[in-house]
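K.L.:
Here it is: the structure, laid out below.
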Amino acid sequence: MGIHGLSKVIADNAPAALKEVPIKACFGRKVAVDASMSIYQFLIAVRQQDGMQLTNEAGETTSHLMGMLYRTIRMFENGIKPVYVFDGKPPDMKSNELKKRGVKREGAEKAAAAAEETGDTENFDKFSRRTVKVTKEHNDDCKKLLKLMGVPYIEAPCEAEAQCAILAKSGKVYAAGSEDMDTLTFGTPVLMRHLTFSEARKMPVVEIELAKVLEGLEMTMDQFIDMCILLGCDYCDSIKGIGPTRAVSLIKEHKNIETILEKLDSKKYPAPEDWPYQAARELFRAPNVTKAEELDVKWEAPDEEGVVAYLVGEKGFNEDRVRSAIQKLIKTRTGTTQGRLGDYFKPVEKPAGSTSAAKRKMDAKAASGSAKKKGGSFMKKK
DNA sequence: ACTCTGTCTCGAGACGCC
DNA sequence: TGAGACAGAGT
DNA sequence: GGCGTCC
């Protein structure tokens, strides 16, 4: 998934585009998050010692709900307001890629079954994680939970990453929150990575600014898209023998794939047969998305009893834990907690023109960074 | 020397008690 | 699925 | 922070 090696290309060629963001500087931001990707990660990671997913008594998986509940609350505690974006129908061009994944998954399923047969828990654990597939049920479970939590979600017509990018472009949200670098290729002005606020694994939130990526690479957006296709995307093959280094220099020299194909020695570097790079390019330039203006994104009060009825009543969660989790969520919306964090609230989510709060206690680097962003794209707050 | 490919490895959530 | 380390082949 | 537990 994503663009092969793009994150390294950016780190090497446009380091100024990358910025570690202090957690406090995230406060008040709205972020579009790829729901299916999150669910996928939870299904892989949330396991018990024997490698089995968490389930209720009926045997229904609950790993994804567990992850979604706690991560979402943790985001709110840090002032991040997520809007989750669910995948729609994948584009036809992705079917090759999806087929490959399906084949790999089948292999993993056999290996996992064999390991389970022989009681080899280590290998069962290893292979069963590779069999993970996000189903409609997983998605529906999470939509139900999000609705009860008062967290908005969007059903994208096609790729969630593209929809996230549009939301960020329009200013409905500040950034796309994703690990997937192709969100940049879809044109999100800001990509936030490692947006988990995990205490244990201390991974700093990293912001990538598209404008600075292009600046560092000295490319236009169209050139950047062509470079991403050369690096390797989900939609078509790339040219054998062209890796990150040559991809960057070829685009810089020739500006687009058409010219590269003219100039490149096709004996040394033959392009794939019937290479549909133009169609891939079109998917990045004009992806199938719902216009941001047509979307209503609102964060509402959580329905505590509803969440309890669902997670405790249906899914076997511990009631005390769920209630205290929801209390945390409620607290971040109203009351004293917001006051305490208010220092960081204004500078980030400003209505047009209020610069009064520009003063805060952050290190100079961070301060200049967010001050700049502030001027960019923001919507009125509700 | 540099670049790319292939193959291998590992890790992939979050909480709370200690 | 990706990201890093490595060996090996190609330019 | 490490480690057992969540369901």
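Each chain of the structure tokens is named A, B, ... in the order shown, its residues numbered from 1; ligands are numbered from 1 in display order.
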Sorted by chain and rising residue number, list the residues of chain B at most 10 Å from range 242-257 of chain A (counting only C-alpha atoms (C1' of nucleotides)), each with its closest atom pair and distance in Å to one decimal, as CSV.
P.N.:
```
residue,atom,partner,partner_atom,distance
B:DC2,C1',A:Thr245,CA,9.8
B:DT3,C1',A:Thr245,CA,7.5
B:DC4,C1',A:Gly243,CA,6.0
B:DT5,C1',A:Gly243,CA,9.5
```
K.L.:
Put those residues in a file: all heavy atoms, as a short mmCIF file (atom, residue, chain, number, x, y, z; two decimals), in the first residue's frame.
P.N.:
```
data_model
loop_
_atom_site.label_atom_id
_atom_site.label_comp_id
_atom_site.auth_asym_id
_atom_site.auth_seq_id
_atom_site.Cartn_x
_atom_site.Cartn_y
_atom_site.Cartn_z
P DC B 2 29.68 6.30 -4.00
OP1 DC B 2 29.69 7.76 -3.82
OP2 DC B 2 29.76 5.38 -2.86
"O5'" DC B 2 28.40 5.92 -4.87
"C5'" DC B 2 28.30 6.43 -6.19
"C4'" DC B 2 27.14 5.77 -6.90
"O4'" DC B 2 27.48 4.41 -7.23
"C3'" DC B 2 25.85 5.70 -6.08
"O3'" DC B 2 24.82 6.33 -6.84
"C2'" DC B 2 25.60 4.21 -5.89
"C1'" DC B 2 26.31 3.63 -7.10
N1 DC B 2 26.75 2.21 -6.97
C2 DC B 2 26.33 1.29 -7.93
O2 DC B 2 25.62 1.67 -8.87
N3 DC B 2 26.73 -0.01 -7.82
C4 DC B 2 27.51 -0.38 -6.81
N4 DC B 2 27.88 -1.66 -6.75
C5 DC B 2 27.94 0.55 -5.82
C6 DC B 2 27.54 1.83 -5.94
P DT B 3 23.42 6.65 -6.18
OP1 DT B 3 22.93 7.88 -6.82
OP2 DT B 3 23.51 6.53 -4.71
"O5'" DT B 3 22.55 5.43 -6.70
"C5'" DT B 3 22.42 5.23 -8.10
"C4'" DT B 3 21.72 3.93 -8.36
"O4'" DT B 3 22.60 2.84 -8.02
"C3'" DT B 3 20.46 3.72 -7.52
"O3'" DT B 3 19.34 3.73 -8.39
"C2'" DT B 3 20.66 2.36 -6.85
"C1'" DT B 3 21.80 1.76 -7.64
N1 DT B 3 22.66 0.82 -6.88
C2 DT B 3 22.82 -0.47 -7.36
O2 DT B 3 22.27 -0.88 -8.35
N3 DT B 3 23.63 -1.25 -6.59
C4 DT B 3 24.31 -0.89 -5.44
O4 DT B 3 25.03 -1.69 -4.85
C5 DT B 3 24.10 0.46 -5.01
C7 DT B 3 24.78 0.95 -3.77
C6 DT B 3 23.30 1.25 -5.74
P DC B 4 17.89 3.59 -7.82
OP1 DC B 4 17.00 4.29 -8.73
OP2 DC B 4 17.93 3.91 -6.38
"O5'" DC B 4 17.63 2.02 -7.97
"C5'" DC B 4 17.57 1.47 -9.28
"C4'" DC B 4 17.51 -0.03 -9.17
"O4'" DC B 4 18.66 -0.50 -8.45
"C3'" DC B 4 16.28 -0.55 -8.42
"O3'" DC B 4 15.49 -1.34 -9.29
"C2'" DC B 4 16.86 -1.36 -7.26
"C1'" DC B 4 18.30 -1.61 -7.67
N1 DC B 4 19.25 -1.67 -6.53
C2 DC B 4 20.04 -2.81 -6.33
O2 DC B 4 19.91 -3.76 -7.12
N3 DC B 4 20.90 -2.85 -5.29
C4 DC B 4 21.01 -1.81 -4.48
N4 DC B 4 21.89 -1.89 -3.47
C5 DC B 4 20.23 -0.63 -4.66
C6 DC B 4 19.37 -0.60 -5.69
P DT B 5 14.17 -2.05 -8.68
OP1 DT B 5 13.23 -2.18 -9.81
OP2 DT B 5 13.76 -1.36 -7.44
"O5'" DT B 5 14.71 -3.48 -8.28
"C5'" DT B 5 15.34 -4.29 -9.26
"C4'" DT B 5 15.62 -5.66 -8.66
"O4'" DT B 5 16.68 -5.54 -7.69
"C3'" DT B 5 14.42 -6.27 -7.93
"O3'" DT B 5 14.20 -7.58 -8.42
"C2'" DT B 5 14.82 -6.24 -6.46
"C1'" DT B 5 16.34 -6.24 -6.53
N1 DT B 5 17.01 -5.53 -5.40
C2 DT B 5 18.03 -6.19 -4.72
O2 DT B 5 18.40 -7.31 -4.99
N3 DT B 5 18.59 -5.46 -3.70
C4 DT B 5 18.26 -4.17 -3.30
O4 DT B 5 18.84 -3.62 -2.38
C5 DT B 5 17.19 -3.56 -4.05
C7 DT B 5 16.74 -2.18 -3.70
C6 DT B 5 16.63 -4.25 -5.06
#
```
K.L.:
Could you please tell me, as a list in words, which residues of chain A have an atom within 10 Å of chain D when using only C-alpha atoms (C1' of nucleotides)?
P.N.:
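The answer, sorted by residue number, is Val46, Arg47, Gln48, Gln49, Gln53, Leu54, Thr55, Asn56, Glu57, Gly59, Glu60, Thr61, Thr62, Ser63, Met66, Ala200, Lys315, Gly316, Phe317, Asn318 and Arg321 of chain A.
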K.L.:
If the cut-off is 10 Å, can you tell me the residues of chain A near chain C, counting only C-alpha atoms (C1' of nucleotides)? I'd like them as a PyMOL selection string.
P.N.:
chain A and resi 1-2+4-5+8+101+130+241+268
K.L.:
Selected residues, N, CA and C atoms, written as a compact mmCIF listing (two decimals), in the first residue's frame, please.
P.N.:
```
# COMPACT_ATOMS: atom_id res chain seq x y z
N MET A 1 0.82 -1.20 0.00
CA MET A 1 0.00 0.00 0.00
C MET A 1 0.85 1.25 0.00
N GLY A 2 0.32 2.27 -0.49
CA GLY A 2 1.07 3.52 -0.46
C GLY A 2 2.08 3.61 -1.58
N HIS A 4 5.90 3.27 -2.69
CA HIS A 4 7.07 2.55 -2.22
C HIS A 4 8.26 3.47 -1.99
N GLY A 5 8.72 3.52 -0.74
CA GLY A 5 9.92 4.28 -0.42
C GLY A 5 9.77 5.79 -0.39
N LYS A 8 11.24 7.72 2.61
CA LYS A 8 12.69 7.92 2.59
C LYS A 8 13.11 8.98 1.56
N ARG A 101 -2.67 -9.47 -2.77
CA ARG A 101 -2.82 -9.56 -1.32
C ARG A 101 -3.66 -10.76 -0.94
N ARG A 130 -1.21 -12.33 9.55
CA ARG A 130 -1.16 -12.00 8.11
C ARG A 130 -2.44 -12.38 7.39
N GLY A 241 14.32 -1.58 -12.53
CA GLY A 241 15.62 -0.94 -12.60
C GLY A 241 15.60 0.53 -12.24
N LYS A 268 17.56 -1.18 -21.74
CA LYS A 268 17.98 -1.34 -20.35
C LYS A 268 16.80 -1.26 -19.40
```
K.L.:
Find the distance between CA of Cys236 in chain A and CA of Thr185 in chain A and write it in Å to one decimal.
P.N.:
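These atoms are spaced 14.6 Å apart.
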K.L.:
Could you tell me which residues of chain B sit within 7 Å of chain A when counting only C-alpha atoms (C1' of nucleotides), and give me the result as a PyMOL selection string?
P.N.:
chain B and resi 4+12-14
K.L.:
Save the residues we just selected, all heavy atoms, as a JSON list (two decimals), in the first residue's frame?
P.N.:
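As a result, again28.json now contains:
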```json
[["chain", "number", "residue", "atom", "x", "y", "z"],
["B", 4, "DC", "P", 17.89, 3.59, -7.82],
["B", 4, "DC", "OP1", 17.00, 4.29, -8.73],
["B", 4, "DC", "OP2", 17.93, 3.91, -6.38],
["B", 4, "DC", "O5'", 17.63, 2.02, -7.97],
["B", 4, "DC", "C5'", 17.57, 1.47, -9.28],
["B", 4, "DC", "C4'", 17.51, -0.03, -9.17],
["B", 4, "DC", "O4'", 18.66, -0.50, -8.45],
["B", 4, "DC", "C3'", 16.28, -0.55, -8.42],
["B", 4, "DC", "O3'", 15.49, -1.34, -9.29],
["B", 4, "DC", "C2'", 16.86, -1.36, -7.26],
["B", 4, "DC", "C1'", 18.30, -1.61, -7.67],
["B", 4, "DC", "N1", 19.25, -1.67, -6.53],
["B", 4, "DC", "C2", 20.04, -2.81, -6.33],
["B", 4, "DC", "O2", 19.91, -3.76, -7.12],
["B", 4, "DC", "N3", 20.90, -2.85, -5.29],
["B", 4, "DC", "C4", 21.01, -1.81, -4.48],
["B", 4, "DC", "N4", 21.89, -1.89, -3.47],
["B", 4, "DC", "C5", 20.23, -0.63, -4.66],
["B", 4, "DC", "C6", 19.37, -0.60, -5.69],
["B", 12, "DA", "P", 5.84, -3.07, 18.04],
["B", 12, "DA", "OP1", 6.19, -1.79, 18.65],
["B", 12, "DA", "OP2", 5.63, -4.26, 18.87],
["B", 12, "DA", "O5'", 4.54, -2.86, 17.15],
["B", 12, "DA", "C5'", 4.62, -1.86, 16.15],
["B", 12, "DA", "C4'", 3.49, -2.07, 15.18],
["B", 12, "DA", "O4'", 3.71, -3.22, 14.39],
["B", 12, "DA", "C3'", 2.18, -2.29, 15.90],
["B", 12, "DA", "O3'", 1.47, -1.07, 15.81],
["B", 12, "DA", "C2'", 1.46, -3.35, 15.07],
["B", 12, "DA", "C1'", 2.52, -3.90, 14.15],
["B", 12, "DA", "N9", 2.82, -5.31, 14.38],
["B", 12, "DA", "C8", 3.18, -5.89, 15.54],
["B", 12, "DA", "N7", 3.41, -7.17, 15.45],
["B", 12, "DA", "C5", 3.17, -7.44, 14.11],
["B", 12, "DA", "C6", 3.23, -8.62, 13.35],
["B", 12, "DA", "N6", 3.57, -9.79, 13.87],
["B", 12, "DA", "N1", 2.95, -8.54, 12.03],
["B", 12, "DA", "C2", 2.62, -7.35, 11.53],
["B", 12, "DA", "N3", 2.53, -6.18, 12.14],
["B", 12, "DA", "C4", 2.81, -6.30, 13.45],
["B", 13, "DG", "P", 0.59, -0.22, 16.30],
["B", 13, "DG", "OP1", 0.40, 0.68, 15.18],
["B", 13, "DG", "OP2", 1.06, 0.37, 17.58],
["B", 13, "DG", "O5'", -0.79, -0.98, 16.56],
["B", 13, "DG", "C5'", -1.03, -1.47, 17.82],
["B", 13, "DG", "C4'", -2.21, -0.71, 18.45],
["B", 13, "DG", "O4'", -2.95, -1.64, 19.26],
["B", 13, "DG", "C3'", -1.78, 0.40, 19.41],
["B", 13, "DG", "O3'", -2.82, 1.33, 19.48],
["B", 13, "DG", "C2'", -1.57, -0.36, 20.71],
["B", 13, "DG", "C1'", -2.71, -1.38, 20.64],
["B", 13, "DG", "N9", -2.40, -2.67, 21.26],
["B", 13, "DG", "C8", -1.32, -3.47, 21.01],
["B", 13, "DG", "N7", -1.33, -4.58, 21.70],
["B", 13, "DG", "C5", -2.50, -4.50, 22.44],
["B", 13, "DG", "C6", -3.06, -5.41, 23.37],
["B", 13, "DG", "O6", -2.61, -6.51, 23.71],
["B", 13, "DG", "N1", -4.26, -4.95, 23.90],
["B", 13, "DG", "C2", -4.85, -3.75, 23.57],
["B", 13, "DG", "N2", -6.00, -3.47, 24.18],
["B", 13, "DG", "N3", -4.34, -2.88, 22.70],
["B", 13, "DG", "C4", -3.18, -3.33, 22.18],
["B", 14, "DA", "P", -2.64, 2.71, 20.29],
["B", 14, "DA", "OP1", -3.54, 3.72, 19.71],
["B", 14, "DA", "OP2", -1.20, 2.96, 20.38],
["B", 14, "DA", "O5'", -3.16, 2.38, 21.76],
["B", 14, "DA", "C5'", -4.55, 2.22, 21.98],
["B", 14, "DA", "C4'", -4.77, 1.83, 23.41],
["B", 14, "DA", "O4'", -4.29, 0.48, 23.61],
["B", 14, "DA", "C3'", -4.06, 2.70, 24.44],
["B", 14, "DA", "O3'", -5.03, 3.24, 25.31],
["B", 14, "DA", "C2'", -3.08, 1.76, 25.13],
["B", 14, "DA", "C1'", -3.73, 0.40, 24.90],
["B", 14, "DA", "N9", -2.78, -0.71, 24.90],
["B", 14, "DA", "C8", -1.61, -0.81, 24.19],
["B", 14, "DA", "N7", -0.97, -1.93, 24.38],
["B", 14, "DA", "C5", -1.77, -2.61, 25.29],
["B", 14, "DA", "C6", -1.64, -3.88, 25.90],
["B", 14, "DA", "N6", -0.61, -4.69, 25.68],
["B", 14, "DA", "N1", -2.62, -4.26, 26.75],
["B", 14, "DA", "C2", -3.64, -3.43, 26.97],
["B", 14, "DA", "N3", -3.87, -2.23, 26.45],
["B", 14, "DA", "C4", -2.89, -1.87, 25.61]]
```
K.L.:
Could you check how far CA of Lys143 in chain A sits from CA of Lys331 in chain A, in Å to one decimal?
P.N.:
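Computing it gives 22.1 Å between the two atoms.
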K.L.:
For Asp180 in chain A, work out the shell of residues within 9 Å, counting only C-alpha atoms (C1' of nucleotides) and skipping chain neighbours fewer than 4 positions away, then give it as a PyMOL selection string.
P.N.:
chain A and resi 1-3+37+161+184+191+193
K.L.:
Keeping only N, CA, C and O atoms, write the selected residues to a file as a CSV table (one decimal), in the first residue's frame.
P.N.:
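Saved as result-v1.csv:
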```csv
chain,number,residue,atom,x,y,z
A,1,MET,N,0.8,-1.2,0.0
A,1,MET,CA,0.0,0.0,0.0
A,1,MET,C,0.8,1.3,0.0
A,1,MET,O,2.0,1.2,0.5
A,2,GLY,N,0.3,2.3,-0.5
A,2,GLY,CA,1.1,3.5,-0.5
A,2,GLY,C,2.1,3.6,-1.6
A,2,GLY,O,2.0,2.9,-2.6
A,3,ILE,N,3.0,4.5,-1.4
A,3,ILE,CA,4.0,4.7,-2.4
A,3,ILE,C,5.3,4.2,-1.9
A,3,ILE,O,5.8,4.6,-0.8
A,37,MET,N,-7.9,1.5,7.8
A,37,MET,CA,-6.5,1.3,8.1
A,37,MET,C,-6.3,1.1,9.6
A,37,MET,O,-5.6,0.2,10.0
A,161,GLU,N,-8.1,7.3,1.6
A,161,GLU,CA,-7.0,8.3,1.6
A,161,GLU,C,-7.3,9.5,0.7
A,161,GLU,O,-6.9,10.6,1.1
A,184,LEU,N,-0.4,12.0,0.5
A,184,LEU,CA,0.2,13.2,0.0
A,184,LEU,C,0.1,13.2,-1.5
A,184,LEU,O,-0.2,14.3,-2.1
A,191,LEU,N,0.1,16.0,6.2
A,191,LEU,CA,-0.1,14.6,6.6
A,191,LEU,C,0.5,14.4,8.0
A,191,LEU,O,1.6,14.8,8.3
A,193,ARG,N,1.6,11.8,10.9
A,193,ARG,CA,1.8,10.4,11.1
A,193,ARG,C,2.0,10.1,12.6
A,193,ARG,O,2.4,10.9,13.4
```
K.L.:
Would you list, as JSON, numbers by chain, the residues of range 141-198 of chain A that end up in strand (DSSP E or B) under DSSP run on this structure's backbone?
P.N.:
{"A": [153, 154, 155, 175, 176, 177, 190, 191, 192, 193]}
K.L.:
Just C-alpha atoms for this one: save the residues we selected as a PDB file, in the first residue's frame.
P.N.:
```pdb
ATOM      1  CA  TYR A 153     -17.536   9.428  10.102  1.00  0.00           C
ATOM      2  CA  ILE A 154     -17.702   9.581   6.347  1.00  0.00           C
ATOM      3  CA  GLU A 155     -18.216   6.824   3.826  1.00  0.00           C
ATOM      4  CA  ALA A 175      -4.706  17.342   8.177  1.00  0.00           C
ATOM      5  CA  ALA A 176      -5.053  13.760   7.128  1.00  0.00           C
ATOM      6  CA  GLY A 177      -3.973  11.424   9.902  1.00  0.00           C
ATOM      7  CA  VAL A 190      -0.594  18.197   5.660  1.00  0.00           C
ATOM      8  CA  LEU A 191      -0.124  14.574   6.624  1.00  0.00           C
ATOM      9  CA  MET A 192       0.178  13.638  10.278  1.00  0.00           C
ATOM     10  CA  ARG A 193       1.838  10.356  11.098  1.00  0.00           C
TER      11      ARG A 193
END
```
K.L.:
Using C1' of DT7 in chain B and CA of Met203 in chain A as the two end points, give the distance in Å to one decimal.
P.N.:
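Atom-to-atom, C1' of DT7 in chain B to CA of Met203 in chain A, that is 28.3 Å.
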K.L.:
Near Glu305 in chain A, counting only C-alpha atoms (C1' of nucleotides), which residues have an atom at most 9 Å away, once you skip same-chain residues fewer than 5 positions from it, shown as a PyMOL selection string?
P.N.:
chain A and resi 148+310+323
K.L.:
Any chance you could export the current selection's all heavy atoms as an mmCIF file, in the first residue's frame?
P.N.:
```
data_model
loop_
_atom_site.group_PDB
_atom_site.id
_atom_site.type_symbol
_atom_site.label_atom_id
_atom_site.label_comp_id
_atom_site.auth_asym_id
_atom_site.auth_seq_id
_atom_site.Cartn_x
_atom_site.Cartn_y
_atom_site.Cartn_z
ATOM 1 N N LEU A 148 -22.293 6.228 18.510
ATOM 2 C CA LEU A 148 -22.648 6.325 19.926
ATOM 3 C C LEU A 148 -21.697 7.253 20.682
ATOM 4 O O LEU A 148 -22.066 7.896 21.651
ATOM 5 C CB LEU A 148 -22.643 4.932 20.564
ATOM 6 C CG LEU A 148 -23.742 3.985 20.067
ATOM 7 C CD1 LEU A 148 -23.481 2.554 20.521
ATOM 8 C CD2 LEU A 148 -25.113 4.455 20.546
ATOM 9 N N TYR A 310 -24.025 -1.252 24.097
ATOM 10 C CA TYR A 310 -23.376 -1.938 22.982
ATOM 11 C C TYR A 310 -22.145 -2.715 23.435
ATOM 12 O O TYR A 310 -22.049 -3.933 23.223
ATOM 13 C CB TYR A 310 -22.989 -0.914 21.909
ATOM 14 C CG TYR A 310 -22.352 -1.523 20.692
ATOM 15 C CD1 TYR A 310 -22.908 -2.645 20.080
ATOM 16 C CD2 TYR A 310 -21.192 -0.976 20.146
ATOM 17 C CE1 TYR A 310 -22.318 -3.209 18.955
ATOM 18 C CE2 TYR A 310 -20.602 -1.533 19.022
ATOM 19 C CZ TYR A 310 -21.165 -2.654 18.439
ATOM 20 O OH TYR A 310 -20.579 -3.206 17.334
ATOM 21 N N ARG A 323 -17.385 2.787 31.264
ATOM 22 C CA ARG A 323 -17.936 4.038 31.821
ATOM 23 C C ARG A 323 -16.827 5.044 32.094
ATOM 24 O O ARG A 323 -16.978 6.237 31.824
ATOM 25 C CB ARG A 323 -18.736 3.748 33.089
ATOM 26 C CG ARG A 323 -20.084 3.128 32.802
ATOM 27 C CD ARG A 323 -21.055 3.291 33.957
ATOM 28 N NE ARG A 323 -22.289 2.548 33.710
ATOM 29 C CZ ARG A 323 -23.335 3.038 33.058
ATOM 30 N NH1 ARG A 323 -23.297 4.274 32.590
ATOM 31 N NH2 ARG A 323 -24.418 2.301 32.857
#
```
